[in-house]
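Q: After the structure tokens below, expect a handful of questions from me.
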Amino acid sequence: NWTAVSKDSCGIKLHVRMVAASSSSVFPEKMIPSTGNVADSDAVNHIIEADGALYVMDRGYAHKTKMGGWLARKIQFLVRVRKTFTMETLIAHTPTHPKVVRNEVVSILTREEPVRYIEFTDDDGTPFHLITNNLDMSEEEILETYKNRWYIELFFKWLKQHVRVNHLFSLSPVGIWNQMFIALITFALTEIMRLIHQPAKRIWTFMRTMQQYLFTPIKSLLQDFNRRLRKSKGRQKIPNAHPKEIRYGEDFAIVSPINREHFINKVKKQAK
């Protein structure tokens with residue numbers, strides 16, 4: 001109830017920084033969770049650092065004020081922007097790639113530094129608008145680099161299917177954040193072991209192999225089987241619970257709690 005984004009739906013977000021180390025090794029490096037009503041652009045600076053890496057991002061992070069800050073901090077970025085993104089053309093180049101429609105050096109108007117603007121279409125004819133402050137990349141390199149952004153979608157699909165993060169074991173804020181961090185730690189440790197021992201295997205195949213030997217040596221499992229069980233006291237009467245203060249974990253998550261009653265009351269007021 002504390003993650004409501006409307007009167008009918010609730011949700012949380014995971015803002016994750018993925019590292020594309022190679023075509024066969026992609027892993028999460030940093031994560032900041034938030035309630036669903038926190039915009040992507042409000043969380044982006046929690047996962048971006050001036051570390052020399054090139055950050056590839058989708059439209060949710062394409063905020064002009066944030067981009068101005070990245071330019072000031074010398075952060076390299078390649079971000080997809082909306083068609084309505086305002087800018088001024090400084091130099092127009094003739095595209096050399098068959099899918100590129102526009103290749104220009106532009107100004108985003110809020111900073112003096114020039115940036116690169118690329119417009120291209122995919123195989124389905126969908127237009128993409130990209131801006132980067134790396135002026136040395138070719139059209140081919142920019143398109144290939146932007147493809148790496150799809151790894152984040154595949155990563156979340158992997159988490160839902162194999163680490164089961166779509167099922168929550170707790171509904172408290174700290175319980176949910178802990179489950180998300182544990183899921184990412186599980187992925188990272190599995191990837192480290194895979195790269196050391198069997199780098200040719202896919203991570204799910206390697207993880208499944210680890211699960212088969214998870215309880216070895218067998219002595220530990222037998223000891224657990226033979227432990228004495230406590231006698232049950234039967235069904236206990238549950239006392240009336242006093243309302244407890246909710247800990248939101250603000251030290252390691254971005255939280256803006258809103259309950260469903262807020263939206264229900266808002267609709268009632270509008271109806272009056």
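Chain labels follow the order of the structure tokens: the first chain is A, the next B, and so on; residue numbering restarts at 1 in every chain, and ligands are counted from 1 in their shown order.
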For Leu184 in chain A, work out the shell of residues within 12 Å, counting only C-alpha atoms and skipping chain neighbours fewer than 3 positions away, then give it as a ChimeraX atom specification.
A: /A:14-18,27-33,155-156,158-160,162-165,177-181,187-191
Q: Might you pull out every residue within 8 Å of Leu130 in chain A, with only C-alpha atoms counted and same-chain residues fewer than 3 positions away left off, and present them as a ChimeraX atom specification?
A: /A:78-81,117-119
Q: Please, which residues of range 82-171 of chain A, numbered as in this document, come out strand (DSSP E or B) from DSSP, as a compact mmCIF listing (two decimals) with all heavy atoms, in the first residue's frame?
A:
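Saved file out_12.txt follows:
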```
# COMPACT_ATOMS: atom_id res chain seq x y z
N GLU A 88 20.03 23.23 -31.13
CA GLU A 88 20.42 24.10 -32.25
C GLU A 88 21.52 23.41 -33.04
O GLU A 88 22.53 22.98 -32.48
CB GLU A 88 20.91 25.45 -31.72
CG GLU A 88 21.36 26.39 -32.83
CD GLU A 88 21.94 27.69 -32.28
OE1 GLU A 88 21.92 27.86 -31.04
OE2 GLU A 88 22.42 28.51 -33.08
N THR A 89 21.34 23.31 -34.34
CA THR A 89 22.33 22.67 -35.20
C THR A 89 23.52 23.60 -35.41
O THR A 89 23.35 24.76 -35.80
CB THR A 89 21.71 22.31 -36.57
OG1 THR A 89 20.61 21.43 -36.36
CG2 THR A 89 22.74 21.63 -37.46
N LEU A 90 24.72 23.09 -35.15
CA LEU A 90 25.96 23.84 -35.36
C LEU A 90 26.64 23.43 -36.66
O LEU A 90 27.05 24.27 -37.45
CB LEU A 90 26.91 23.64 -34.17
CG LEU A 90 26.36 24.03 -32.79
CD1 LEU A 90 27.38 23.72 -31.71
CD2 LEU A 90 25.96 25.50 -32.75
N ILE A 91 26.77 22.11 -36.85
CA ILE A 91 27.39 21.57 -38.07
C ILE A 91 26.56 20.37 -38.52
O ILE A 91 26.24 19.50 -37.71
CB ILE A 91 28.85 21.12 -37.82
CG1 ILE A 91 29.69 22.26 -37.27
CG2 ILE A 91 29.46 20.57 -39.11
CD1 ILE A 91 31.09 21.84 -36.86
N ALA A 92 26.19 20.32 -39.78
CA ALA A 92 25.44 19.20 -40.35
C ALA A 92 26.36 18.38 -41.25
O ALA A 92 26.94 18.92 -42.20
CB ALA A 92 24.23 19.70 -41.14
N HIS A 93 26.49 17.09 -40.93
CA HIS A 93 27.30 16.18 -41.73
C HIS A 93 26.41 15.32 -42.62
O HIS A 93 25.26 15.04 -42.27
CB HIS A 93 28.15 15.27 -40.84
CG HIS A 93 29.13 16.00 -39.98
ND1 HIS A 93 30.27 16.60 -40.49
CD2 HIS A 93 29.15 16.25 -38.64
CE1 HIS A 93 30.95 17.16 -39.51
NE2 HIS A 93 30.29 16.97 -38.37
N VAL A 100 21.20 5.86 -41.01
CA VAL A 100 21.29 7.16 -40.37
C VAL A 100 20.63 8.22 -41.25
O VAL A 100 20.94 8.35 -42.44
CB VAL A 100 22.75 7.54 -40.08
CG1 VAL A 100 22.85 8.96 -39.53
CG2 VAL A 100 23.35 6.54 -39.08
N VAL A 101 19.72 8.99 -40.66
CA VAL A 101 19.00 10.05 -41.38
C VAL A 101 19.68 11.40 -41.17
O VAL A 101 19.80 12.19 -42.11
CB VAL A 101 17.53 10.12 -40.90
CG1 VAL A 101 16.77 11.22 -41.64
CG2 VAL A 101 16.84 8.77 -41.10
N ARG A 102 20.12 11.66 -39.92
CA ARG A 102 20.79 12.93 -39.62
C ARG A 102 22.02 12.67 -38.77
O ARG A 102 22.01 11.82 -37.88
CB ARG A 102 19.84 13.88 -38.88
CG ARG A 102 18.67 14.37 -39.72
CD ARG A 102 17.68 15.15 -38.87
NE ARG A 102 18.26 16.35 -38.27
CZ ARG A 102 17.61 17.13 -37.40
NH1 ARG A 102 16.38 16.82 -37.02
NH2 ARG A 102 18.20 18.21 -36.91
N ASN A 103 23.10 13.40 -39.07
CA ASN A 103 24.34 13.33 -38.31
C ASN A 103 24.82 14.76 -38.12
O ASN A 103 25.32 15.38 -39.06
CB ASN A 103 25.37 12.48 -39.04
CG ASN A 103 26.70 12.43 -38.29
OD1 ASN A 103 26.86 12.99 -37.21
ND2 ASN A 103 27.68 11.76 -38.89
N GLU A 104 24.63 15.31 -36.91
CA GLU A 104 24.91 16.73 -36.71
C GLU A 104 25.66 16.96 -35.40
O GLU A 104 25.57 16.17 -34.46
CB GLU A 104 23.59 17.53 -36.65
CG GLU A 104 22.78 17.44 -37.93
CD GLU A 104 21.43 18.12 -37.81
OE1 GLU A 104 21.07 18.55 -36.68
OE2 GLU A 104 20.73 18.25 -38.83
N VAL A 105 26.40 18.06 -35.36
CA VAL A 105 26.95 18.58 -34.12
C VAL A 105 26.00 19.69 -33.68
O VAL A 105 25.72 20.62 -34.45
CB VAL A 105 28.37 19.13 -34.32
CG1 VAL A 105 28.89 19.75 -33.02
CG2 VAL A 105 29.31 18.03 -34.79
N VAL A 106 25.49 19.58 -32.44
CA VAL A 106 24.43 20.49 -32.00
C VAL A 106 24.77 21.07 -30.63
O VAL A 106 25.71 20.64 -29.96
CB VAL A 106 23.07 19.75 -31.93
CG1 VAL A 106 22.71 19.16 -33.28
CG2 VAL A 106 23.08 18.66 -30.84
N SER A 107 23.96 22.04 -30.22
CA SER A 107 24.00 22.60 -28.88
C SER A 107 22.67 22.32 -28.20
O SER A 107 21.61 22.47 -28.82
CB SER A 107 24.23 24.12 -28.95
OG SER A 107 24.00 24.72 -27.67
N VAL A 115 27.59 18.79 -28.74
CA VAL A 115 27.34 17.36 -28.62
C VAL A 115 26.95 16.83 -30.00
O VAL A 115 26.66 17.59 -30.92
CB VAL A 115 26.23 17.05 -27.59
CG1 VAL A 115 26.67 17.44 -26.19
CG2 VAL A 115 24.93 17.76 -27.96
N ARG A 116 26.93 15.52 -30.09
CA ARG A 116 26.62 14.85 -31.36
C ARG A 116 25.17 14.40 -31.35
O ARG A 116 24.68 13.84 -30.38
CB ARG A 116 27.55 13.64 -31.50
CG ARG A 116 27.45 12.89 -32.82
CD ARG A 116 28.40 13.46 -33.84
NE ARG A 116 28.52 12.57 -34.98
CZ ARG A 116 29.36 11.54 -35.02
NH1 ARG A 116 30.12 11.27 -33.96
NH2 ARG A 116 29.44 10.79 -36.10
N TYR A 117 24.48 14.64 -32.47
CA TYR A 117 23.08 14.20 -32.62
C TYR A 117 22.99 13.24 -33.80
O TYR A 117 23.43 13.56 -34.91
CB TYR A 117 22.17 15.40 -32.84
CG TYR A 117 20.76 15.02 -33.24
CD1 TYR A 117 19.89 14.43 -32.33
CD2 TYR A 117 20.30 15.24 -34.54
CE1 TYR A 117 18.60 14.08 -32.69
CE2 TYR A 117 19.01 14.90 -34.91
CZ TYR A 117 18.16 14.32 -33.99
OH TYR A 117 16.88 13.96 -34.37
N ILE A 118 22.44 12.05 -33.54
CA ILE A 118 22.26 11.04 -34.58
C ILE A 118 20.79 10.62 -34.62
O ILE A 118 20.22 10.28 -33.59
CB ILE A 118 23.14 9.79 -34.31
CG1 ILE A 118 24.62 10.13 -34.42
CG2 ILE A 118 22.77 8.66 -35.28
CD1 ILE A 118 25.10 10.41 -35.82
N GLU A 119 20.20 10.67 -35.79
CA GLU A 119 18.85 10.13 -35.98
C GLU A 119 18.94 8.97 -36.96
O GLU A 119 19.50 9.10 -38.05
CB GLU A 119 17.91 11.20 -36.54
CG GLU A 119 16.49 10.68 -36.78
CD GLU A 119 15.56 11.71 -37.41
OE1 GLU A 119 15.94 12.90 -37.43
OE2 GLU A 119 14.48 11.32 -37.91
N PHE A 120 18.39 7.79 -36.53
CA PHE A 120 18.41 6.63 -37.41
C PHE A 120 17.10 5.88 -37.27
O PHE A 120 16.30 6.12 -36.37
CB PHE A 120 19.59 5.71 -37.09
CG PHE A 120 19.43 4.92 -35.82
CD1 PHE A 120 18.95 3.61 -35.85
CD2 PHE A 120 19.77 5.46 -34.58
CE1 PHE A 120 18.80 2.87 -34.68
CE2 PHE A 120 19.62 4.73 -33.41
CZ PHE A 120 19.14 3.44 -33.46
N THR A 121 16.85 4.96 -38.20
CA THR A 121 15.65 4.12 -38.16
C THR A 121 16.07 2.65 -38.10
O THR A 121 17.10 2.27 -38.69
CB THR A 121 14.78 4.34 -39.41
OG1 THR A 121 15.56 4.09 -40.60
CG2 THR A 121 14.25 5.76 -39.46
N PRO A 127 11.88 5.47 -35.72
CA PRO A 127 12.97 6.45 -35.62
C PRO A 127 13.56 6.50 -34.21
O PRO A 127 12.85 6.36 -33.22
CB PRO A 127 12.28 7.77 -35.97
CG PRO A 127 10.86 7.57 -35.54
CD PRO A 127 10.54 6.11 -35.76
N PHE A 128 14.87 6.68 -34.12
CA PHE A 128 15.58 6.83 -32.86
C PHE A 128 16.39 8.12 -32.92
O PHE A 128 17.02 8.41 -33.94
CB PHE A 128 16.51 5.64 -32.60
CG PHE A 128 15.79 4.36 -32.27
CD1 PHE A 128 15.22 3.59 -33.26
CD2 PHE A 128 15.69 3.92 -30.96
CE1 PHE A 128 14.56 2.41 -32.96
CE2 PHE A 128 15.03 2.76 -30.64
CZ PHE A 128 14.46 1.99 -31.64
N HIS A 129 16.39 8.87 -31.81
CA HIS A 129 17.12 10.13 -31.73
C HIS A 129 18.12 10.01 -30.58
O HIS A 129 17.74 9.84 -29.42
CB HIS A 129 16.15 11.28 -31.49
CG HIS A 129 14.99 11.31 -32.44
ND1 HIS A 129 15.02 11.99 -33.64
CD2 HIS A 129 13.77 10.72 -32.38
CE1 HIS A 129 13.87 11.83 -34.27
NE2 HIS A 129 13.09 11.06 -33.53
N LEU A 130 19.41 10.10 -30.91
CA LEU A 130 20.47 9.89 -29.93
C LEU A 130 21.33 11.13 -29.79
O LEU A 130 21.59 11.83 -30.78
CB LEU A 130 21.36 8.71 -30.34
CG LEU A 130 20.68 7.37 -30.64
CD1 LEU A 130 21.71 6.34 -31.07
CD2 LEU A 130 19.90 6.88 -29.43
N ILE A 131 21.79 11.37 -28.56
CA ILE A 131 22.73 12.47 -28.29
C ILE A 131 23.89 11.92 -27.48
O ILE A 131 23.69 11.17 -26.52
CB ILE A 131 22.04 13.63 -27.55
CG1 ILE A 131 21.19 14.44 -28.51
CG2 ILE A 131 23.07 14.55 -26.88
CD1 ILE A 131 20.53 15.66 -27.91
N THR A 132 25.11 12.27 -27.87
CA THR A 132 26.30 11.85 -27.15
C THR A 132 27.31 12.99 -27.13
O THR A 132 27.35 13.81 -28.06
CB THR A 132 26.93 10.60 -27.77
OG1 THR A 132 28.12 10.24 -27.04
CG2 THR A 132 27.30 10.82 -29.23
```
Q: What is the CA of Asn265 in chain A-CA of Thr35 in chain A distance in Å, reported with one decimal?
A: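 Atom-to-atom, CA of Asn265 in chain A to CA of Thr35 in chain A, that is 20.4 Å.
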Q: Considering only C-alpha atoms, state which residue in the set A:Gln198, A:Ser23, A:Asn45, A:Thr96 is at the smallest distance from Glu140 in chain A.
A: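 Among A:Gln198, A:Ser23, A:Asn45, A:Thr96, it is A:Thr96 that comes nearest to Glu140 in chain A.
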Q: Report the distance between CA of Trp2 in chain A and CA of Gly175 in chain A in Å, rounded to one decimal place.
A: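 That distance, rounded to one decimal, is 13.2 Å.
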